[in-house]
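Pasted below: final23.csv, CSV, N, CA and C atoms.
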```csv
chain,number,residue,atom,x,y,z
A,1,MET,N,162.1,113.8,132.0
A,1,MET,CA,161.1,114.8,132.0
A,1,MET,C,159.9,114.4,131.2
A,2,THR,N,158.7,114.5,131.7
A,2,THR,CA,157.5,114.1,131.1
A,2,THR,C,157.0,115.3,130.3
A,3,ARG,N,156.6,115.0,129.0
A,3,ARG,CA,156.1,116.0,128.2
A,3,ARG,C,154.6,116.1,128.4
A,4,GLN,N,154.1,117.3,128.6
A,4,GLN,CA,152.6,117.5,128.8
A,4,GLN,C,152.0,118.1,127.5
A,5,THR,N,150.9,117.5,127.1
A,5,THR,CA,150.2,118.1,125.9
A,5,THR,C,149.2,119.1,126.4
A,6,LEU,N,149.2,120.2,125.9
A,6,LEU,CA,148.2,121.2,126.2
A,6,LEU,C,147.1,121.2,125.2
A,7,LEU,N,145.9,121.1,125.7
A,7,LEU,CA,144.7,121.0,124.8
A,7,LEU,C,143.9,122.3,125.0
A,8,PRO,N,143.2,122.7,123.9
A,8,PRO,CA,142.4,123.9,124.1
A,8,PRO,C,141.4,123.7,125.2
A,9,ARG,N,141.0,124.8,125.8
A,9,ARG,CA,140.0,124.7,126.9
A,9,ARG,C,138.7,124.1,126.5
A,10,TRP,N,138.2,124.4,125.3
A,10,TRP,CA,136.9,123.8,124.9
A,10,TRP,C,136.9,122.3,124.7
A,11,TYR,N,138.1,121.8,124.5
A,11,TYR,CA,138.3,120.3,124.2
A,11,TYR,C,137.6,119.4,125.2
A,12,ARG,N,137.7,119.8,126.5
A,12,ARG,CA,137.2,118.9,127.5
A,12,ARG,C,135.6,118.9,127.5
A,13,PHE,N,135.0,120.0,127.0
A,13,PHE,CA,133.6,120.1,126.9
A,13,PHE,C,133.0,119.4,125.7
A,14,ARG,N,133.7,119.3,124.6
A,14,ARG,CA,133.2,118.8,123.4
A,14,ARG,C,133.6,117.3,123.1
A,15,VAL,N,134.5,116.8,123.8
A,15,VAL,CA,134.9,115.4,123.5
A,15,VAL,C,134.4,114.6,124.7
A,16,PRO,N,133.6,113.5,124.4
A,16,PRO,CA,133.1,112.7,125.4
A,16,PRO,C,134.2,111.9,126.2
A,17,ARG,N,134.0,111.8,127.4
A,17,ARG,CA,134.9,111.0,128.3
A,17,ARG,C,134.5,109.6,128.3
A,18,GLY,N,135.4,108.7,128.8
A,18,GLY,CA,135.1,107.3,128.9
A,18,GLY,C,135.1,106.6,127.6
A,19,ARG,N,134.1,105.9,127.3
A,19,ARG,CA,134.0,105.1,126.0
A,19,ARG,C,133.0,105.8,125.1
A,20,PRO,N,133.4,106.7,124.2
A,20,PRO,CA,132.5,107.3,123.3
A,20,PRO,C,131.8,106.3,122.4
A,21,SER,N,130.6,106.6,122.0
A,21,SER,CA,129.9,105.7,121.1
A,21,SER,C,130.6,105.7,119.7
A,22,PRO,N,130.6,104.5,119.0
A,22,PRO,CA,131.1,104.5,117.7
A,22,PRO,C,130.3,105.4,116.7
A,23,LYS,N,130.8,105.9,115.7
A,23,LYS,CA,130.1,106.8,114.8
A,23,LYS,C,129.9,106.0,113.5
A,24,LEU,N,128.8,106.3,112.9
A,24,LEU,CA,128.5,105.7,111.6
A,24,LEU,C,128.2,106.9,110.6
A,25,ALA,N,128.7,106.7,109.4
A,25,ALA,CA,128.3,107.7,108.3
A,25,ALA,C,127.5,106.9,107.4
A,26,ILE,N,126.2,107.3,107.2
A,26,ILE,CA,125.3,106.6,106.3
A,26,ILE,C,124.7,107.5,105.3
A,27,THR,N,124.2,106.9,104.2
A,27,THR,CA,123.5,107.7,103.2
A,27,THR,C,122.1,107.1,103.1
A,28,VAL,N,121.2,108.0,103.1
A,28,VAL,CA,119.8,107.6,103.0
A,28,VAL,C,119.1,108.4,101.9
A,29,ASP,N,118.0,107.9,101.4
A,29,ASP,CA,117.2,108.6,100.4
A,29,ASP,C,116.7,109.9,101.0
A,30,PRO,N,116.5,110.9,100.2
A,30,PRO,CA,116.0,112.2,100.7
A,30,PRO,C,114.7,112.1,101.4
A,31,ASP,N,113.8,111.3,101.0
A,31,ASP,CA,112.5,111.2,101.7
A,31,ASP,C,112.7,110.5,103.0
A,32,VAL,N,113.6,109.5,103.1
A,32,VAL,CA,113.8,108.9,104.4
A,32,VAL,C,114.5,109.9,105.4
A,33,HIS,N,115.4,110.6,104.8
A,33,HIS,CA,116.1,111.7,105.6
A,33,HIS,C,115.1,112.6,106.2
A,34,ARG,N,114.2,113.1,105.4
A,34,ARG,CA,113.2,114.1,105.9
A,34,ARG,C,112.3,113.4,107.0
A,35,GLN,N,111.9,112.2,106.7
A,35,GLN,CA,111.1,111.5,107.7
A,35,GLN,C,111.8,111.3,109.0
A,36,VAL,N,113.0,110.9,109.0
A,36,VAL,CA,113.8,110.7,110.2
A,36,VAL,C,114.0,111.9,111.0
A,37,LEU,N,114.3,113.0,110.3
A,37,LEU,CA,114.4,114.3,111.0
A,37,LEU,C,113.1,114.7,111.7
A,38,LEU,N,112.0,114.5,111.0
A,38,LEU,CA,110.6,114.8,111.5
A,38,LEU,C,110.3,113.9,112.7
A,39,ALA,N,110.5,112.6,112.5
A,39,ALA,CA,110.2,111.7,113.6
A,39,ALA,C,111.1,112.0,114.9
A,40,ALA,N,112.3,112.2,114.7
A,40,ALA,CA,113.2,112.5,115.8
A,40,ALA,C,112.7,113.8,116.5
A,41,ASP,N,112.4,114.8,115.8
A,41,ASP,CA,111.9,116.0,116.4
A,41,ASP,C,110.6,115.8,117.1
A,42,GLU,N,109.7,115.1,116.5
A,42,GLU,CA,108.4,114.8,117.1
A,42,GLU,C,108.5,114.1,118.4
A,43,GLU,N,109.5,113.2,118.5
A,43,GLU,CA,109.7,112.4,119.7
A,43,GLU,C,110.7,113.1,120.7
A,44,GLY,N,111.2,114.3,120.3
A,44,GLY,CA,112.1,115.0,121.2
A,44,GLY,C,113.4,114.3,121.4
A,45,LEU,N,113.9,113.6,120.3
A,45,LEU,CA,115.1,112.9,120.4
A,45,LEU,C,116.1,113.5,119.4
A,46,SER,N,117.4,113.3,119.7
A,46,SER,CA,118.4,113.6,118.6
A,46,SER,C,118.2,112.6,117.5
A,47,VAL,N,118.8,112.9,116.4
A,47,VAL,CA,118.7,111.9,115.2
A,47,VAL,C,119.5,110.7,115.6
A,48,SER,N,120.6,110.8,116.3
A,48,SER,CA,121.4,109.6,116.7
A,48,SER,C,120.6,108.7,117.6
A,49,ALA,N,119.9,109.3,118.6
A,49,ALA,CA,119.1,108.5,119.5
A,49,ALA,C,117.9,107.9,118.8
A,50,TRP,N,117.3,108.6,117.9
A,50,TRP,CA,116.2,108.0,117.1
A,50,TRP,C,116.7,106.9,116.2
A,51,MET,N,117.8,107.1,115.6
A,51,MET,CA,118.3,106.0,114.7
A,51,MET,C,118.8,104.8,115.5
A,52,THR,N,119.3,105.0,116.7
A,52,THR,CA,119.7,103.9,117.6
A,52,THR,C,118.5,103.1,118.0
A,53,SER,N,117.4,103.8,118.3
A,53,SER,CA,116.2,103.1,118.7
A,53,SER,C,115.6,102.3,117.6
A,54,ALA,N,115.6,102.9,116.4
A,54,ALA,CA,115.1,102.3,115.2
A,54,ALA,C,115.9,101.0,114.8
A,55,ALA,N,117.2,101.1,115.0
A,55,ALA,CA,118.1,100.0,114.7
A,55,ALA,C,117.8,98.9,115.7
A,56,ARG,N,117.6,99.3,117.0
A,56,ARG,CA,117.3,98.2,118.0
A,56,ARG,C,116.1,97.5,117.7
A,57,ARG,N,115.0,98.2,117.3
A,57,ARG,CA,113.8,97.6,116.9
A,57,ARG,C,113.9,96.7,115.7
A,58,ALA,N,114.7,97.1,114.7
A,58,ALA,CA,114.9,96.3,113.5
A,58,ALA,C,115.7,95.0,113.9
A,59,LEU,N,116.7,95.1,114.8
A,59,LEU,CA,117.5,94.0,115.2
A,59,LEU,C,116.6,93.0,116.0
A,60,LEU,N,115.8,93.5,116.8
A,60,LEU,CA,114.9,92.7,117.6
A,60,LEU,C,113.9,91.9,116.7
A,61,LEU,N,113.4,92.6,115.7
A,61,LEU,CA,112.5,92.0,114.8
A,61,LEU,C,113.2,90.9,114.0
A,62,ARG,N,114.4,91.2,113.5
A,62,ARG,CA,115.2,90.2,112.8
A,62,ARG,C,115.5,89.0,113.7
A,63,ASP,N,115.9,89.2,114.9
A,63,ASP,CA,116.1,88.1,115.8
A,63,ASP,C,114.9,87.2,116.1
A,64,GLY,N,113.7,87.9,116.2
A,64,GLY,CA,112.5,87.2,116.4
A,64,GLY,C,112.1,86.4,115.2
A,65,LEU,N,112.3,86.9,114.0
A,65,LEU,CA,112.0,86.2,112.8
A,65,LEU,C,112.9,85.0,112.6
A,66,ALA,N,114.2,85.1,113.0
A,66,ALA,CA,115.1,84.0,113.0
A,66,ALA,C,114.7,82.9,113.9
A,67,ALA,N,114.2,83.3,115.1
A,67,ALA,CA,113.7,82.3,116.1
A,67,ALA,C,112.5,81.6,115.6
A,68,VAL,N,111.6,82.3,114.9
A,68,VAL,CA,110.5,81.6,114.3
A,68,VAL,C,110.9,80.6,113.3
A,69,ARG,N,111.8,81.0,112.4
A,69,ARG,CA,112.3,80.1,111.4
A,69,ARG,C,113.0,78.8,112.0
A,70,GLU,N,113.7,79.1,113.0
A,70,GLU,CA,114.4,77.9,113.7
A,70,GLU,C,113.4,77.0,114.3
A,71,TRP,N,112.3,77.6,115.0
A,71,TRP,CA,111.3,76.8,115.6
A,71,TRP,C,110.6,76.0,114.5
A,72,GLU,N,110.2,76.6,113.4
A,72,GLU,CA,109.5,75.9,112.3
A,72,GLU,C,110.4,74.9,111.7
A,73,ASP,N,111.7,75.1,111.6
A,73,ASP,CA,112.6,74.0,111.1
A,73,ASP,C,112.5,72.8,111.9
A,74,GLU,N,112.4,73.0,113.2
A,74,GLU,CA,112.4,71.8,114.2
A,74,GLU,C,111.0,71.2,114.3
A,75,HIS,N,109.9,72.0,114.3
A,75,HIS,CA,108.6,71.5,114.6
A,75,HIS,C,107.6,71.6,113.5
A,76,GLY,N,107.9,72.1,112.4
A,76,GLY,CA,107.0,72.3,111.3
A,76,GLY,C,106.4,73.7,111.4
A,77,ALA,N,105.7,74.0,110.3
A,77,ALA,CA,105.1,75.4,110.1
A,77,ALA,C,104.0,75.6,111.1
A,78,PHE,N,103.8,76.8,111.6
A,78,PHE,CA,102.7,77.1,112.4
A,78,PHE,C,101.4,76.9,111.7
A,79,THR,N,100.3,76.5,112.4
A,79,THR,CA,99.0,76.4,111.8
A,79,THR,C,98.4,77.7,111.7
A,80,ASP,N,97.3,77.8,110.9
A,80,ASP,CA,96.6,79.1,110.7
A,80,ASP,C,96.0,79.5,112.1
A,81,ALA,N,95.6,78.6,112.9
A,81,ALA,CA,95.0,78.9,114.2
A,81,ALA,C,96.1,79.5,115.1
A,82,GLU,N,97.3,78.9,115.1
A,82,GLU,CA,98.4,79.4,115.9
A,82,GLU,C,98.9,80.8,115.4
A,83,LEU,N,98.9,81.0,114.1
A,83,LEU,CA,99.2,82.3,113.6
A,83,LEU,C,98.2,83.4,114.0
A,84,GLU,N,96.9,83.0,114.0
A,84,GLU,CA,95.9,83.9,114.4
A,84,GLU,C,96.0,84.3,115.9
A,85,GLU,N,96.2,83.3,116.7
A,85,GLU,CA,96.4,83.5,118.1
A,85,GLU,C,97.6,84.4,118.4
A,86,ALA,N,98.7,84.2,117.6
A,86,ALA,CA,99.9,85.1,117.8
A,86,ALA,C,99.5,86.5,117.4
A,87,ARG,N,98.8,86.7,116.3
A,87,ARG,CA,98.4,88.0,115.9
A,87,ARG,C,97.6,88.7,116.9
A,88,ARG,N,96.6,88.0,117.5
A,88,ARG,CA,95.8,88.5,118.5
A,88,ARG,C,96.6,89.0,119.7
A,89,ARG,N,97.5,88.1,120.2
A,89,ARG,CA,98.3,88.5,121.3
A,89,ARG,C,99.2,89.7,121.1
A,90,VAL,N,99.8,89.8,119.9
A,90,VAL,CA,100.6,90.9,119.6
A,90,VAL,C,99.7,92.2,119.6
A,91,ALA,N,98.6,92.1,119.0
A,91,ALA,CA,97.7,93.3,118.9
A,91,ALA,C,97.3,93.7,120.3
A,92,ASP,N,97.0,92.7,121.2
A,92,ASP,CA,96.6,93.0,122.6
A,92,ASP,C,97.7,93.7,123.3
A,93,GLU,N,99.0,93.2,123.1
A,93,GLU,CA,100.1,93.7,123.9
A,93,GLU,C,100.6,95.1,123.3
A,94,SER,N,100.3,95.3,122.1
A,94,SER,CA,100.8,96.6,121.5
A,94,SER,C,99.7,97.7,121.5
A,95,ALA,N,98.5,97.4,121.9
A,95,ALA,CA,97.5,98.4,122.0
A,95,ALA,C,97.8,99.4,123.1
A,96,PRO,N,97.5,100.7,122.8
A,96,PRO,CA,97.7,101.7,123.9
A,96,PRO,C,96.9,101.4,125.1
A,97,PRO,N,97.4,101.7,126.3
A,97,PRO,CA,96.6,101.4,127.5
A,97,PRO,C,95.3,102.2,127.5
A,98,ALA,N,94.3,101.7,128.1
A,98,ALA,CA,93.0,102.4,128.2
A,98,ALA,C,93.2,103.5,129.1
A,99,PRO,N,92.5,104.7,128.9
A,99,PRO,CA,92.6,105.8,129.8
A,99,PRO,C,92.0,105.5,131.2
A,100,LEU,N,92.6,106.0,132.2
A,100,LEU,CA,92.1,105.8,133.5
A,100,LEU,C,90.8,106.6,133.7
A,101,ARG,N,89.9,105.9,134.4
A,101,ARG,CA,88.6,106.6,134.7
A,101,ARG,C,88.7,107.1,136.1
A,102,THR,N,88.2,108.4,136.2
A,102,THR,CA,88.3,109.0,137.5
A,102,THR,C,86.9,109.3,138.0
```
If you convert what's in this file into structure tokens, what do you get?
Amino acid sequence: MTRQTLLPRWYRFRVPRGRPSPKLAITVDPDVHRQVLLAADEEGLSVSAWMTSAARRALLLRDGLAAVREWEDEHGAFTDAELEEARRRVADESAPPAPLRT
């Protein structure tokens, strides 16, 4: 005889199916907490989604800096001209698009 577990009706609506995301419990300074809540609200995101996005950006930045260190270890430090060109390219790529003219 197979034993069947009865779960409350609300359980299926509150517990994610499939592979739920891992949870983190973190402590942040009060000013950071306030700013995170405001930023998430301004962007129309949950705090979890906002924190995930921020963590992705931080990890991408960390990986990029590691790649620069690796390249410089193999080829030497970037010149001032190369750094200026890189800054210009980053500024060009991160600038908001110009409004469309109609």
Inset, instruction - Could you tell me how far atom N of Glu42 of chain A lies from atom CA of Ala55 of chain A, in Å and to one decimal? - result: 17.4 Å
Inset, instruction - DSSP on the backbone, then: every residue of chain A marked alpha helix (DSSP H), written as a ChimeraX atom specification. - result: /A:11-14,30-42,47-75,80-94
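Interatomic distance, atom CA of Gln35 of chain A against atom CA of Val47 of chain A: 10.7 Å.
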Legend entry - Counting only C-alpha atoms, the residue of A:Val68, A:Ser46, A:Pro99, A:Ala39 that sits nearest Ala86 of chain A: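 So, comparing all the options, the nearest one is A:Val68.
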